[in-house]
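Q: Dumping the structure here so I can ask a few things about it.
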Amino acid sequence: MGVTRRDVLIGAGGLASALVFGAPVAVGEVQAASEQPAGRKLKVIVAGGHPGDPEYGCGGTVARFTSLGHEVVLLYLNDGAWPPTSAAIRIAEAKKACELLKARPAYAGQVNGHAVVDNGHYEEYAKIIEAEKPDLVFTQWPIDNHRDHRAITMLTYDAWRQLQKRFSLYYYEVSDGEDTLQFSPTHYVDISETESSKRAACYAHASQTPDRYYALQDQVAAFRGVEGGYKRAEAFVLQLQSPHDPLQVLGRP
Ligand SMILES: [Zn+2]
């Protein structure tokens, strides 16, 4: 028996595999995806339907990442403008919130309350994600009462698939009962020390009745803290088939 196709693939390693199977990624990227990113600077995206969603759902976790020197982008589907509140006011609020968390704001260019999920927007959104080269992306939970929240999650999940699942994907919760429903976490992050930064970032969205919404979100953080064994926690669901579990850099799951 001569040399089989299988022998050739095994003998030549990843390079041959990438070429033979026609994977549309460079060999370097294949190797990077198989390498646990612990120990180097991570690129994190937190996607949300509106300015404020990433801060409410992940603000304490974002502060922990940035305090360790990791880079975090808060990617908003739209600018949050809604009469009588202008886009300028909402963008200024988001800028302040990001400064408090040492993160950077970015926008996906859609219109508040009018999210579009179609082939063109799937492609356009995936390009935004690809350009940032994230190691991990957080997005909202797909069962959510707000259409814009469901939209950002469909767009993010599709980008994850288009980009060959090369980054780890997590889901977060906001305003459970009013927005997120049926969320069963797989991961808990201790935010006891960063809750004050999170609170300040949420209150930077002063036009969005933070007294009401932060009180609700803080109840969620206290409850997740009880579950996770912390004073305050943010909770997440890791998407199956993610390449790594980089939340481990913040401690136990
Ligand atoms: Zn929202």
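Note on naming: chains are A, B, ... as they come in the structure tokens, residues start from 1 per chain, ligands start from 1 in the order shown.
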Kindly compile the residues surrounding ligand 1 within 7 Å, counting only C-alpha atoms and all ligand atoms, and format them as a count of residues only.
A: 8
Q: I want to know what sits within 12 Å of segment 221-234 of chain A, based on only C-alpha atoms, with residues of the same chain fewer than 4 positions away left out; could you give that as a ChimeraX atom specification?
A: /A:54-64,170-176,183-196,198-199,214-217,247,250-253
Q: Need to verify the contact set: Pro142 of chain A, 9 Å, only C-alpha atoms, exclusion of same-chain residues closer than 4 positions in sequence. Can you return it as number ranges by chain?
A: A: 149-154, 171, 180-181
Q: Emit the selected residues as an mmCIF file, in the first residue's frame, including N, CA, C and O atoms.
A:
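In the end it all went to again33.cif:
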```cif
data_model
loop_
_atom_site.group_PDB
_atom_site.id
_atom_site.type_symbol
_atom_site.label_atom_id
_atom_site.label_comp_id
_atom_site.auth_asym_id
_atom_site.auth_seq_id
_atom_site.Cartn_x
_atom_site.Cartn_y
_atom_site.Cartn_z
ATOM 1 N N HIS A 149 -31.638 44.139 21.075
ATOM 2 C CA HIS A 149 -30.764 43.201 21.785
ATOM 3 C C HIS A 149 -30.715 41.867 21.034
ATOM 4 O O HIS A 149 -29.639 41.277 20.873
ATOM 5 N N ARG A 150 -31.863 41.407 20.622
ATOM 6 C CA ARG A 150 -31.875 40.153 19.856
ATOM 7 C C ARG A 150 -31.101 40.324 18.552
ATOM 8 O O ARG A 150 -30.397 39.426 18.101
ATOM 9 N N ALA A 151 -31.219 41.518 17.947
ATOM 10 C CA ALA A 151 -30.541 41.768 16.660
ATOM 11 C C ALA A 151 -29.024 41.714 16.805
ATOM 12 O O ALA A 151 -28.336 41.059 16.009
ATOM 13 N N ILE A 152 -28.485 42.392 17.833
ATOM 14 C CA ILE A 152 -27.008 42.402 17.961
ATOM 15 C C ILE A 152 -26.503 40.982 18.187
ATOM 16 O O ILE A 152 -25.421 40.607 17.723
ATOM 17 N N THR A 153 -27.290 40.176 18.860
ATOM 18 C CA THR A 153 -26.846 38.815 19.122
ATOM 19 C C THR A 153 -26.891 37.952 17.861
ATOM 20 O O THR A 153 -25.973 37.161 17.615
ATOM 21 N N MET A 154 -27.917 38.132 17.046
ATOM 22 C CA MET A 154 -27.932 37.388 15.780
ATOM 23 C C MET A 154 -26.752 37.805 14.906
ATOM 24 O O MET A 154 -26.090 36.967 14.277
ATOM 25 N N TYR A 171 -22.258 35.181 26.358
ATOM 26 C CA TYR A 171 -23.510 35.953 26.437
ATOM 27 C C TYR A 171 -23.621 36.574 27.829
ATOM 28 O O TYR A 171 -23.203 35.969 28.815
ATOM 29 N N THR A 180 -33.693 40.488 29.567
ATOM 30 C CA THR A 180 -33.227 39.095 29.466
ATOM 31 C C THR A 180 -34.184 38.126 30.173
ATOM 32 O O THR A 180 -34.669 38.413 31.273
ATOM 33 N N LEU A 181 -34.406 36.990 29.527
ATOM 34 C CA LEU A 181 -35.219 35.924 30.128
ATOM 35 C C LEU A 181 -34.495 34.582 29.984
ATOM 36 O O LEU A 181 -33.776 34.358 29.019
#
```
Q: Between A:Leu101, A:Val73, A:Val111, A:Val46, which is the closest to Ala87 of chain A once you count only C-alpha atoms?
A: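 Between A:Leu101, A:Val73, A:Val111, A:Val46, the residue approaching Ala87 of chain A most closely is A:Val111.
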Q: From a DSSP calculation on the backbone, collect every residue of segment 56-227 of chain A in strand (DSSP E or B) and output the set as number ranges by chain.
A: A: 71-78, 82, 85, 104-110, 136-140, 144, 168-172, 180, 187-190
Q: Can you write just those residues out, N, CA, C and O atoms, as a short mmCIF file (atom, residue, chain, number, x, y, z; two decimals), in the first residue's frame?
A:
```
data_model
loop_
_atom_site.label_atom_id
_atom_site.label_comp_id
_atom_site.auth_asym_id
_atom_site.auth_seq_id
_atom_site.Cartn_x
_atom_site.Cartn_y
_atom_site.Cartn_z
N GLU A 71 -7.27 45.11 26.34
CA GLU A 71 -7.94 46.16 25.55
C GLU A 71 -9.42 45.79 25.37
O GLU A 71 -9.73 44.67 24.96
N VAL A 72 -10.30 46.74 25.66
CA VAL A 72 -11.74 46.46 25.57
C VAL A 72 -12.43 47.51 24.70
O VAL A 72 -12.21 48.72 24.87
N VAL A 73 -13.25 47.03 23.78
CA VAL A 73 -14.07 47.89 22.91
C VAL A 73 -15.53 47.65 23.25
O VAL A 73 -15.97 46.50 23.29
N LEU A 74 -16.28 48.71 23.52
CA LEU A 74 -17.73 48.57 23.68
C LEU A 74 -18.35 48.92 22.33
O LEU A 74 -18.24 50.05 21.85
N LEU A 75 -18.95 47.92 21.70
CA LEU A 75 -19.50 48.07 20.35
C LEU A 75 -21.02 48.18 20.43
O LEU A 75 -21.70 47.20 20.79
N TYR A 76 -21.52 49.34 20.11
CA TYR A 76 -22.96 49.60 20.20
C TYR A 76 -23.60 49.47 18.82
O TYR A 76 -23.08 50.01 17.84
N LEU A 77 -24.74 48.80 18.77
CA LEU A 77 -25.42 48.62 17.48
C LEU A 77 -25.87 49.95 16.90
O LEU A 77 -25.85 50.15 15.68
N ASN A 78 -26.30 50.88 17.77
CA ASN A 78 -26.75 52.21 17.30
C ASN A 78 -26.29 53.24 18.33
O ASN A 78 -25.73 52.89 19.37
N TRP A 82 -33.05 58.87 20.70
CA TRP A 82 -34.48 58.61 20.77
C TRP A 82 -35.13 59.88 21.28
O TRP A 82 -34.80 60.33 22.38
N THR A 85 -34.08 62.76 23.27
CA THR A 85 -32.63 62.70 23.53
C THR A 85 -31.87 62.55 22.21
O THR A 85 -32.11 61.61 21.45
N ARG A 104 -12.96 51.62 24.86
CA ARG A 104 -13.12 52.48 23.68
C ARG A 104 -14.49 52.23 23.07
O ARG A 104 -14.88 51.08 22.89
N PRO A 105 -15.25 53.30 22.77
CA PRO A 105 -16.56 53.09 22.13
C PRO A 105 -16.42 52.86 20.62
O PRO A 105 -15.52 53.40 19.99
N ALA A 106 -17.34 52.07 20.06
CA ALA A 106 -17.43 51.89 18.61
C ALA A 106 -18.91 51.68 18.29
O ALA A 106 -19.69 51.24 19.14
N TYR A 107 -19.27 52.00 17.06
CA TYR A 107 -20.69 51.96 16.67
C TYR A 107 -20.85 51.15 15.38
O TYR A 107 -20.03 51.25 14.47
N ALA A 108 -21.94 50.38 15.33
CA ALA A 108 -22.21 49.55 14.15
C ALA A 108 -23.14 50.26 13.16
O ALA A 108 -23.48 49.68 12.12
N GLY A 109 -23.53 51.49 13.45
CA GLY A 109 -24.19 52.33 12.45
C GLY A 109 -25.67 52.09 12.21
O GLY A 109 -26.22 52.60 11.23
N GLN A 110 -26.34 51.35 13.12
CA GLN A 110 -27.78 51.15 12.91
C GLN A 110 -28.59 52.22 13.64
O GLN A 110 -28.02 53.15 14.23
N LEU A 136 -11.97 37.52 22.46
CA LEU A 136 -13.27 37.13 22.98
C LEU A 136 -14.27 38.26 22.75
O LEU A 136 -13.90 39.43 22.71
N VAL A 137 -15.51 37.84 22.57
CA VAL A 137 -16.61 38.78 22.33
C VAL A 137 -17.75 38.42 23.28
O VAL A 137 -18.10 37.25 23.42
N PHE A 138 -18.30 39.44 23.92
CA PHE A 138 -19.50 39.28 24.72
C PHE A 138 -20.66 39.88 23.93
O PHE A 138 -20.52 40.95 23.35
N THR A 139 -21.79 39.20 23.96
CA THR A 139 -22.99 39.78 23.35
C THR A 139 -24.19 39.47 24.23
O THR A 139 -24.08 38.72 25.21
N GLN A 140 -25.33 40.06 23.89
CA GLN A 140 -26.52 39.88 24.72
C GLN A 140 -27.09 38.48 24.52
O GLN A 140 -26.76 37.77 23.58
N ASP A 144 -34.49 37.88 24.64
CA ASP A 144 -34.51 39.20 25.25
C ASP A 144 -35.71 39.95 24.68
O ASP A 144 -36.03 39.80 23.49
N SER A 168 -13.58 33.49 21.21
CA SER A 168 -14.50 32.89 22.17
C SER A 168 -15.70 33.82 22.33
O SER A 168 -15.56 35.04 22.34
N LEU A 169 -16.88 33.22 22.45
CA LEU A 169 -18.12 33.99 22.49
C LEU A 169 -18.84 33.73 23.81
O LEU A 169 -19.03 32.57 24.20
N TYR A 170 -19.23 34.81 24.47
CA TYR A 170 -19.98 34.72 25.72
C TYR A 170 -21.25 35.58 25.61
O TYR A 170 -21.26 36.59 24.92
N TYR A 171 -22.26 35.18 26.36
CA TYR A 171 -23.51 35.95 26.44
C TYR A 171 -23.62 36.57 27.83
O TYR A 171 -23.20 35.97 28.82
N TYR A 172 -24.24 37.77 27.88
CA TYR A 172 -24.46 38.43 29.17
C TYR A 172 -25.93 38.80 29.32
O TYR A 172 -26.69 38.76 28.36
N THR A 180 -33.69 40.49 29.57
CA THR A 180 -33.23 39.10 29.47
C THR A 180 -34.18 38.13 30.17
O THR A 180 -34.67 38.41 31.27
N HIS A 187 -20.67 30.86 33.88
CA HIS A 187 -19.49 31.53 34.43
C HIS A 187 -19.92 32.69 35.32
O HIS A 187 -20.89 33.41 34.99
N TYR A 188 -19.14 32.90 36.38
CA TYR A 188 -19.37 34.03 37.29
C TYR A 188 -18.06 34.78 37.45
O TYR A 188 -17.02 34.16 37.70
N VAL A 189 -18.13 36.11 37.31
CA VAL A 189 -16.93 36.93 37.51
C VAL A 189 -17.15 37.81 38.74
O VAL A 189 -18.17 38.50 38.85
N ASP A 190 -16.20 37.77 39.64
CA ASP A 190 -16.26 38.56 40.88
C ASP A 190 -16.08 40.04 40.53
O ASP A 190 -15.02 40.44 40.04
#
```
Q: When you look at Tyr122 of chain A with a cut-off of 6 Å (counting only C-alpha atoms), what residues show up, excluding the ones that are within fewer than 3 positions of it in the same chain? I need them as a list in words.
A: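 Selected residues are Asn119, Tyr125 and Leu155 of chain A.
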Q: Would you export the selected residues with C-alpha atoms as a compact mmCIF listing (two decimals), in the first residue's frame, please?
A:
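out_29.txt written:
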```txt
# COMPACT_ATOMS: atom_id res chain seq x y z
CA ASN A 119 -27.58 39.42 4.55
CA TYR A 125 -21.16 43.68 10.90
CA LEU A 155 -25.35 39.60 14.06
```
Q: I need the residues in segment 175-227 of chain A that are helix (DSSP H, G or I) according to DSSP; give them as number ranges by chain.
A: A: 195-203, 206-208, 210-227
Q: Grab the residues selected above and save them as a PDB file, in the first residue's frame with C-alpha atoms.
A:
```pdb
ATOM      1  CA  GLU A 195     -18.719  47.540  41.192  1.00  0.00           C
ATOM      2  CA  SER A 196     -18.075  51.234  41.910  1.00  0.00           C
ATOM      3  CA  SER A 197     -16.487  51.724  38.463  1.00  0.00           C
ATOM      4  CA  LYS A 198     -19.383  49.891  36.874  1.00  0.00           C
ATOM      5  CA  ARG A 199     -21.878  52.031  38.759  1.00  0.00           C
ATOM      6  CA  ALA A 200     -20.145  55.242  37.618  1.00  0.00           C
ATOM      7  CA  ALA A 201     -20.155  54.047  33.993  1.00  0.00           C
ATOM      8  CA  CYS A 202     -23.856  53.171  34.152  1.00  0.00           C
ATOM      9  CA  TYR A 203     -24.658  56.530  35.742  1.00  0.00           C
ATOM     10  CA  ALA A 206     -27.682  60.011  32.790  1.00  0.00           C
ATOM     11  CA  SER A 207     -30.489  60.335  30.224  1.00  0.00           C
ATOM     12  CA  GLN A 208     -31.472  56.670  30.748  1.00  0.00           C
ATOM     13  CA  PRO A 210     -30.007  55.064  35.931  1.00  0.00           C
ATOM     14  CA  ASP A 211     -31.626  55.152  39.387  1.00  0.00           C
ATOM     15  CA  ARG A 212     -34.219  52.718  38.131  1.00  0.00           C
ATOM     16  CA  TYR A 213     -32.120  50.522  35.880  1.00  0.00           C
ATOM     17  CA  TYR A 214     -29.003  50.356  38.019  1.00  0.00           C
ATOM     18  CA  ALA A 215     -31.048  49.298  41.031  1.00  0.00           C
ATOM     19  CA  LEU A 216     -32.449  46.400  39.017  1.00  0.00           C
ATOM     20  CA  GLN A 217     -29.073  45.401  37.583  1.00  0.00           C
ATOM     21  CA  ASP A 218     -27.457  45.580  41.008  1.00  0.00           C
ATOM     22  CA  GLN A 219     -30.083  43.163  42.336  1.00  0.00           C
ATOM     23  CA  VAL A 220     -29.023  40.807  39.552  1.00  0.00           C
ATOM     24  CA  ALA A 221     -25.339  41.290  40.487  1.00  0.00           C
ATOM     25  CA  ALA A 222     -26.102  40.584  44.148  1.00  0.00           C
ATOM     26  CA  PHE A 223     -28.048  37.428  43.265  1.00  0.00           C
ATOM     27  CA  ARG A 224     -25.314  36.200  40.900  1.00  0.00           C
ATOM     28  CA  GLY A 225     -22.889  36.937  43.720  1.00  0.00           C
ATOM     29  CA  VAL A 226     -24.826  34.620  46.014  1.00  0.00           C
ATOM     30  CA  GLU A 227     -24.787  31.922  43.347  1.00  0.00           C
TER      31      GLU A 227
END
```
Q: Please compute the atom CA of Asp179 of chain A-atom CA of Thr156 of chain A distance, one decimal, in Å.
A: 18.1 Å
Q: Identify, on the basis of only C-alpha atoms, every residue whose closest approach to Ser86 of chain A does not exceed 12 Å; exclude the query and any residue fewer than 6 positions from it along the same chain; express the result as an MDAnalysis selection string.
A: chainID A and resid 79:80 92:93 112 207
Q: Take atom CA of Ala97 of chain A and atom CA of His205 of chain A and report the distance between them in Å, one decimal.
A: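 Between atom CA of Ala97 of chain A and atom CA of His205 of chain A the gap is 7.2 Å.
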Q: Pick out the closest residue to Lys95 of chain A from this set: A:Gln162, A:Lys41, A:Pro51, A:Gln248. Count only C-alpha atoms.
A: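 Among the listed residues, the smallest separation from Lys95 of chain A belongs to A:Pro51.
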Q: Quick one: of A:Leu100, A:Ala81, A:Ile89, A:Leu163, who's nearest to Glu132 of chain A, counting only C-alpha atoms?
A: A:Leu163
Q: Counting only C-alpha atoms, figure out which residue out of A:Arg147, A:Arg161, A:Asp135, A:Glu130 gets nearest to Ala115 of chain A.
A: A:Arg147
Q: Write out as a PyMOL selection string the residues lying within 8 Å of Arg166 of chain A, counting only C-alpha atoms and excluding same-chain residues fewer than 6 positions away.
A: chain A and resi 33+135+160+242-243
Q: Rounded to one decimal place, report the atom CA of Gln182 of chain A-atom CA of Asp245 of chain A distance in Å.
A: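 A separation of 22.3 Å between them.
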